[in-house]
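Heads up, the thing below is written out as structure tokens.
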Amino acid sequence: MQDAAETEELALRAAAGDGPALNALLQKIRPEVVRRCGRFLPCREDAEEAAQDVLLQVARKITTFEGRSRFSTWLYTVVANCARQKYRELKRRAAEQPGAIDASQHVDPRTTSVIAGSRVDLLEALERLEREHPHLVAPLVYRDICQLEYAEVAERVGVPLGTLKSRLHEARKQVRPWLADAS
């Protein structure tokens with residue numbers, strides 16, 4: 001717990017404009033950020049790129065952290081947004097590539113790893129959920145991917161606990177068949 005308290009203290013000092021505290025904070029959270037991005041993105045290089053985006057966003061936006069919730073909750077929001085943005089960017093880039101790609105150079109993550117395939121399928125399901133039911137995405141991401149406590153998710157989303165549980169149930173119900181179809 002000492003470690004979490006130290007991170008919280010660094011975040012509060014960084015938010016108040018303490019440059020050395022920001023540098024220490026970025027150094028301290030980097031391994032966790034890479035690990036969290038890896039939950040979203042199947043390729044380690046993509047996860048590391050997203051982690052760099054997260055660290056950059058933290059450095060730019062730390063002054064918006066007010067300390068009303070835990071820093072880890074604020075950080076998970078940044079991680080989820082950056083990882084999903086990186087996925088969209090990769091998907092867009094892949095769609096824009098010319099059709100004459102050497103098949104031996106292209107690796108489909110769905111065929112290289114069950115874990116990677118399930119992450120790609122989950123990202124596809126999240127994209128679809130965002131198009132069809134955008135209010136259900138945040139509860140699902142925070143609870144099932146970031147593994148935040150229900151009360152923390154409810155606070156982050158800004159809804160009562162009962163509403164959160166209802167939205168989470170609905171999100172899981174929507175996503176379940178899409179993930180089953182992908183396997």
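How things are named: the first chain in the structure tokens is A, the next is B, and so on; residues count from 1 in each chain; ligands count from 1 in the order shown.
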
Review point. Within 10 Å of Leu161 (chain A), counting only C-alpha atoms, which residues qualify if same-chain residues fewer than 6 places away don't, as a ChimeraX atom specification?
Key: /A:150-155,167

Got time to write the residues from that selection, N, CA, C and O atoms, as a tab-separated table (two decimals), in the first residue's frame?
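And here is the file that came out, part18.tsv:
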chain	number	residue	atom	x	y	z
A	150	TYR	N	-16.58	-1.85	-8.45
A	150	TYR	CA	-17.87	-1.32	-8.91
A	150	TYR	C	-18.07	0.14	-8.47
A	150	TYR	O	-18.48	0.98	-9.26
A	151	ALA	N	-17.80	0.41	-7.20
A	151	ALA	CA	-18.02	1.77	-6.68
A	151	ALA	C	-17.13	2.78	-7.40
A	151	ALA	O	-17.57	3.90	-7.71
A	152	GLU	N	-15.91	2.37	-7.71
A	152	GLU	CA	-14.99	3.26	-8.41
A	152	GLU	C	-15.47	3.53	-9.83
A	152	GLU	O	-15.41	4.65	-10.33
A	153	VAL	N	-15.97	2.48	-10.48
A	153	VAL	CA	-16.50	2.64	-11.84
A	153	VAL	C	-17.72	3.56	-11.82
A	153	VAL	O	-17.84	4.46	-12.65
A	154	ALA	N	-18.60	3.34	-10.86
A	154	ALA	CA	-19.82	4.18	-10.76
A	154	ALA	C	-19.43	5.64	-10.58
A	154	ALA	O	-20.00	6.53	-11.24
A	155	GLU	N	-18.44	5.89	-9.74
A	155	GLU	CA	-17.98	7.27	-9.52
A	155	GLU	C	-17.39	7.84	-10.80
A	155	GLU	O	-17.67	8.98	-11.19
A	167	ARG	N	-26.13	-1.17	-16.47
A	167	ARG	CA	-25.43	-0.91	-17.74
A	167	ARG	C	-24.38	-1.98	-18.01
A	167	ARG	O	-24.20	-2.40	-19.16

Counting only C-alpha atoms, what is within 8 Å of Leu10 (chain A), bar same-chain residues fewer than 2 positions away, as a PDB file with N, CA, C and O atoms, in the first residue's frame?
ATOM      1  N   GLU A   6       2.479   6.449  -2.321  1.00  0.00           N
ATOM      2  CA  GLU A   6       3.571   7.233  -2.910  1.00  0.00           C
ATOM      3  C   GLU A   6       3.179   7.740  -4.302  1.00  0.00           C
ATOM      4  O   GLU A   6       3.439   8.897  -4.644  1.00  0.00           O
ATOM      5  N   THR A   7       2.536   6.871  -5.080  1.00  0.00           N
ATOM      6  CA  THR A   7       2.085   7.262  -6.421  1.00  0.00           C
ATOM      7  C   THR A   7       1.049   8.376  -6.323  1.00  0.00           C
ATOM      8  O   THR A   7       1.098   9.352  -7.085  1.00  0.00           O
ATOM      9  N   GLU A   8       0.101   8.237  -5.397  1.00  0.00           N
ATOM     10  CA  GLU A   8      -0.919   9.271  -5.196  1.00  0.00           C
ATOM     11  C   GLU A   8      -0.264  10.609  -4.845  1.00  0.00           C
ATOM     12  O   GLU A   8      -0.650  11.652  -5.358  1.00  0.00           O
ATOM     13  N   LEU A  12      -0.405  14.101  -7.007  1.00  0.00           N
ATOM     14  CA  LEU A  12      -0.902  15.381  -6.472  1.00  0.00           C
ATOM     15  C   LEU A  12       0.151  16.479  -6.608  1.00  0.00           C
ATOM     16  O   LEU A  12      -0.176  17.610  -6.985  1.00  0.00           O
ATOM     17  N   ARG A  13       1.393  16.142  -6.326  1.00  0.00           N
ATOM     18  CA  ARG A  13       2.464  17.138  -6.469  1.00  0.00           C
ATOM     19  C   ARG A  13       2.653  17.522  -7.935  1.00  0.00           C
ATOM     20  O   ARG A  13       2.827  18.702  -8.260  1.00  0.00           O
ATOM     21  N   ALA A  14       2.602  16.531  -8.838  1.00  0.00           N
ATOM     22  CA  ALA A  14       2.746  16.804 -10.273  1.00  0.00           C
ATOM     23  C   ALA A  14       1.591  17.677 -10.762  1.00  0.00           C
ATOM     24  O   ALA A  14       1.793  18.604 -11.544  1.00  0.00           O
ATOM     25  N   ALA A  21       8.423  15.859  -9.582  1.00  0.00           N
ATOM     26  CA  ALA A  21       7.418  14.875  -9.174  1.00  0.00           C
ATOM     27  C   ALA A  21       6.773  14.240 -10.408  1.00  0.00           C
ATOM     28  O   ALA A  21       6.517  13.032 -10.435  1.00  0.00           O
ATOM     29  N   LEU A  22       6.523  15.038 -11.449  1.00  0.00           N
ATOM     30  CA  LEU A  22       5.956  14.503 -12.685  1.00  0.00           C
ATOM     31  C   LEU A  22       6.909  13.488 -13.310  1.00  0.00           C
ATOM     32  O   LEU A  22       6.494  12.404 -13.705  1.00  0.00           O
ATOM     33  N   ALA A  24       9.219  11.706 -11.835  1.00  0.00           N
ATOM     34  CA  ALA A  24       9.230  10.510 -10.981  1.00  0.00           C
ATOM     35  C   ALA A  24       7.958   9.695 -11.177  1.00  0.00           C
ATOM     36  O   ALA A  24       7.995   8.461 -11.229  1.00  0.00           O
ATOM     37  N   LEU A  25       6.825  10.374 -11.300  1.00  0.00           N
ATOM     38  CA  LEU A  25       5.550   9.704 -11.504  1.00  0.00           C
ATOM     39  C   LEU A  25       5.554   8.933 -12.827  1.00  0.00           C
ATOM     40  O   LEU A  25       5.171   7.756 -12.867  1.00  0.00           O
TER      41      LEU A  25
END

Practice item. Excluding region 48-61 of chain A and any residue of its chain fewer than 2 positions from it, enumerate the residues within 9 Å of it, using only C-alpha atoms, and give them as a ChimeraX atom specification. Key: /A:14-15,22-23,26,29-31,33-38,41,43-46,63-65,75,78-79,81-87

Residues of the last selection are to be written out with C-alpha atoms, as a CSV table (one decimal), in the first residue's frame.
chain,number,residue,atom,x,y,z
A,14,ALA,CA,2.7,16.8,-10.3
A,15,ALA,CA,-0.8,18.2,-10.7
A,22,LEU,CA,6.0,14.5,-12.7
A,23,ASN,CA,9.2,12.9,-13.9
A,26,LEU,CA,6.0,8.9,-15.2
A,29,ILE,CA,3.8,4.2,-13.7
A,30,ARG,CA,5.5,3.2,-17.0
A,31,PRO,CA,5.6,-0.6,-16.4
A,33,VAL,CA,0.9,1.5,-18.2
A,34,VAL,CA,2.6,-0.9,-20.6
A,35,ARG,CA,0.9,-3.9,-18.9
A,36,ARG,CA,-2.5,-2.2,-19.0
A,37,CYS,CA,-2.1,-1.3,-22.7
A,38,GLY,CA,-1.2,-4.9,-23.3
A,41,LEU,CA,-3.6,-4.5,-27.8
A,43,CYS,CA,1.1,-6.8,-30.3
A,44,ARG,CA,3.7,-5.8,-27.7
A,45,GLU,CA,5.0,-3.0,-29.9
A,46,ASP,CA,1.5,-1.5,-30.3
A,63,THR,CA,-3.0,19.5,-14.0
A,64,THR,CA,-6.6,18.3,-14.6
A,65,PHE,CA,-6.2,15.6,-11.9
A,75,LEU,CA,-4.9,6.9,-15.2
A,78,VAL,CA,-6.3,7.7,-20.0
A,79,VAL,CA,-5.0,4.1,-20.7
A,81,ASN,CA,-8.8,5.9,-24.3
A,82,CYS,CA,-5.2,5.8,-25.7
A,83,ALA,CA,-5.2,2.0,-26.2
A,84,ARG,CA,-8.6,2.2,-28.0
A,85,GLN,CA,-7.4,5.2,-30.1
A,86,LYS,CA,-4.2,3.2,-31.0
A,87,TYR,CA,-6.4,0.3,-32.1

Review point. Taking into account only C-alpha atoms, which residue in the set A:Leu123, A:Gln147, A:Lys28, A:Arg92 is nearest to Tyr76 (chain A)?
Key: A:Gln147

Practice item. Find the residue from A:Ala94, A:Val137, A:Val157, A:Ala4 that sits nearest to Ala125 (chain A); use only C-alpha atoms when measuring. Key: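 For Ala125 (chain A), the nearest of the candidates is A:Val137.
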
Review point. Do you have the CA of Arg39 (chain A)-CA of Arg88 (chain A) distance handy?
Key: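 That distance, rounded to one decimal, is 15.4 Å.
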
Practice item. Could you check how far CA of Ala11 (chain A) sits from CA of Ile145 (chain A), in Å to one decimal? Key: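 According to the coordinates, CA of Ala11 (chain A) and CA of Ile145 (chain A) are separated by 22.9 Å.
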
Practice item. Please give the complete set of residues from chain A that DSSP, run on the backbone, assigns to helix (DSSP H, G or I), formatted as number ranges by chain. Key: A: 2-15, 19-40, 44-64, 71-96, 109-112, 114-132, 134-145, 150-157, 161-182

Check your understanding: Can you list, as number ranges by chain, every protein, DNA or RNA residue that comes within 12 Å of His135 (chain A) when you count only C-alpha atoms, leaving out same-chain residues fewer than 3 positions away?
Key -> A: 126, 129-132, 138-141, 157-159, 163-164, 166-168, 170-171

Written selection (N, CA and C atoms) as an mmCIF file, in the first residue's frame:
data_model
loop_
_atom_site.group_PDB
_atom_site.id
_atom_site.type_symbol
_atom_site.label_atom_id
_atom_site.label_comp_id
_atom_site.auth_asym_id
_atom_site.auth_seq_id
_atom_site.Cartn_x
_atom_site.Cartn_y
_atom_site.Cartn_z
ATOM 1 N N LEU A 126 -15.890 -3.892 -28.793
ATOM 2 C CA LEU A 126 -15.987 -2.567 -28.175
ATOM 3 C C LEU A 126 -16.299 -1.496 -29.212
ATOM 4 N N LEU A 129 -19.955 -1.917 -29.979
ATOM 5 C CA LEU A 129 -20.748 -1.449 -28.844
ATOM 6 C C LEU A 129 -20.763 0.074 -28.807
ATOM 7 N N GLU A 130 -19.632 0.683 -29.115
ATOM 8 C CA GLU A 130 -19.557 2.151 -29.110
ATOM 9 C C GLU A 130 -20.463 2.749 -30.183
ATOM 10 N N ARG A 131 -20.558 2.095 -31.319
ATOM 11 C CA ARG A 131 -21.447 2.583 -32.383
ATOM 12 C C ARG A 131 -22.914 2.422 -31.999
ATOM 13 N N GLU A 132 -23.250 1.281 -31.396
ATOM 14 C CA GLU A 132 -24.651 0.955 -31.134
ATOM 15 C C GLU A 132 -25.167 1.426 -29.773
ATOM 16 N N ALA A 138 -17.942 2.546 -21.403
ATOM 17 C CA ALA A 138 -17.111 2.881 -20.236
ATOM 18 C C ALA A 138 -17.309 1.897 -19.083
ATOM 19 N N PRO A 139 -18.543 1.552 -18.716
ATOM 20 C CA PRO A 139 -18.683 0.584 -17.625
ATOM 21 C C PRO A 139 -17.987 -0.748 -17.917
ATOM 22 N N LEU A 140 -18.119 -1.231 -19.139
ATOM 23 C CA LEU A 140 -17.503 -2.506 -19.508
ATOM 24 C C LEU A 140 -15.979 -2.418 -19.476
ATOM 25 N N VAL A 141 -15.438 -1.353 -20.032
ATOM 26 C CA VAL A 141 -13.979 -1.189 -20.066
ATOM 27 C C VAL A 141 -13.424 -1.050 -18.653
ATOM 28 N N VAL A 157 -17.929 6.954 -13.940
ATOM 29 C CA VAL A 157 -18.937 7.116 -14.992
ATOM 30 C C VAL A 157 -19.962 8.180 -14.596
ATOM 31 N N GLY A 158 -20.079 8.411 -13.270
ATOM 32 C CA GLY A 158 -20.994 9.437 -12.792
ATOM 33 C C GLY A 158 -22.430 8.985 -12.701
ATOM 34 N N VAL A 159 -22.620 7.706 -12.344
ATOM 35 C CA VAL A 159 -23.974 7.163 -12.193
ATOM 36 C C VAL A 159 -24.071 6.427 -10.860
ATOM 37 N N THR A 163 -27.412 1.766 -11.319
ATOM 38 C CA THR A 163 -27.415 2.086 -12.751
ATOM 39 C C THR A 163 -26.187 1.493 -13.421
ATOM 40 N N LEU A 164 -25.045 1.605 -12.735
ATOM 41 C CA LEU A 164 -23.811 1.035 -13.283
ATOM 42 C C LEU A 164 -23.973 -0.465 -13.493
ATOM 43 N N SER A 166 -26.622 -2.205 -13.891
ATOM 44 C CA SER A 166 -27.570 -2.438 -14.973
ATOM 45 C C SER A 166 -26.898 -2.245 -16.337
ATOM 46 N N ARG A 167 -26.132 -1.171 -16.471
ATOM 47 C CA ARG A 167 -25.428 -0.909 -17.737
ATOM 48 C C ARG A 167 -24.377 -1.978 -18.014
ATOM 49 N N LEU A 168 -23.694 -2.397 -16.977
ATOM 50 C CA LEU A 168 -22.670 -3.430 -17.136
ATOM 51 C C LEU A 168 -23.314 -4.747 -17.588
ATOM 52 N N GLU A 170 -26.112 -5.068 -19.238
ATOM 53 C CA GLU A 170 -26.551 -4.871 -20.629
ATOM 54 C C GLU A 170 -25.362 -4.921 -21.589
ATOM 55 N N ALA A 171 -24.250 -4.311 -21.212
ATOM 56 C CA ALA A 171 -23.057 -4.313 -22.064
ATOM 57 C C ALA A 171 -22.560 -5.736 -22.277
#

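CA of His133 (chain A) lies 18.9 Å from CA of Asp181 (chain A).
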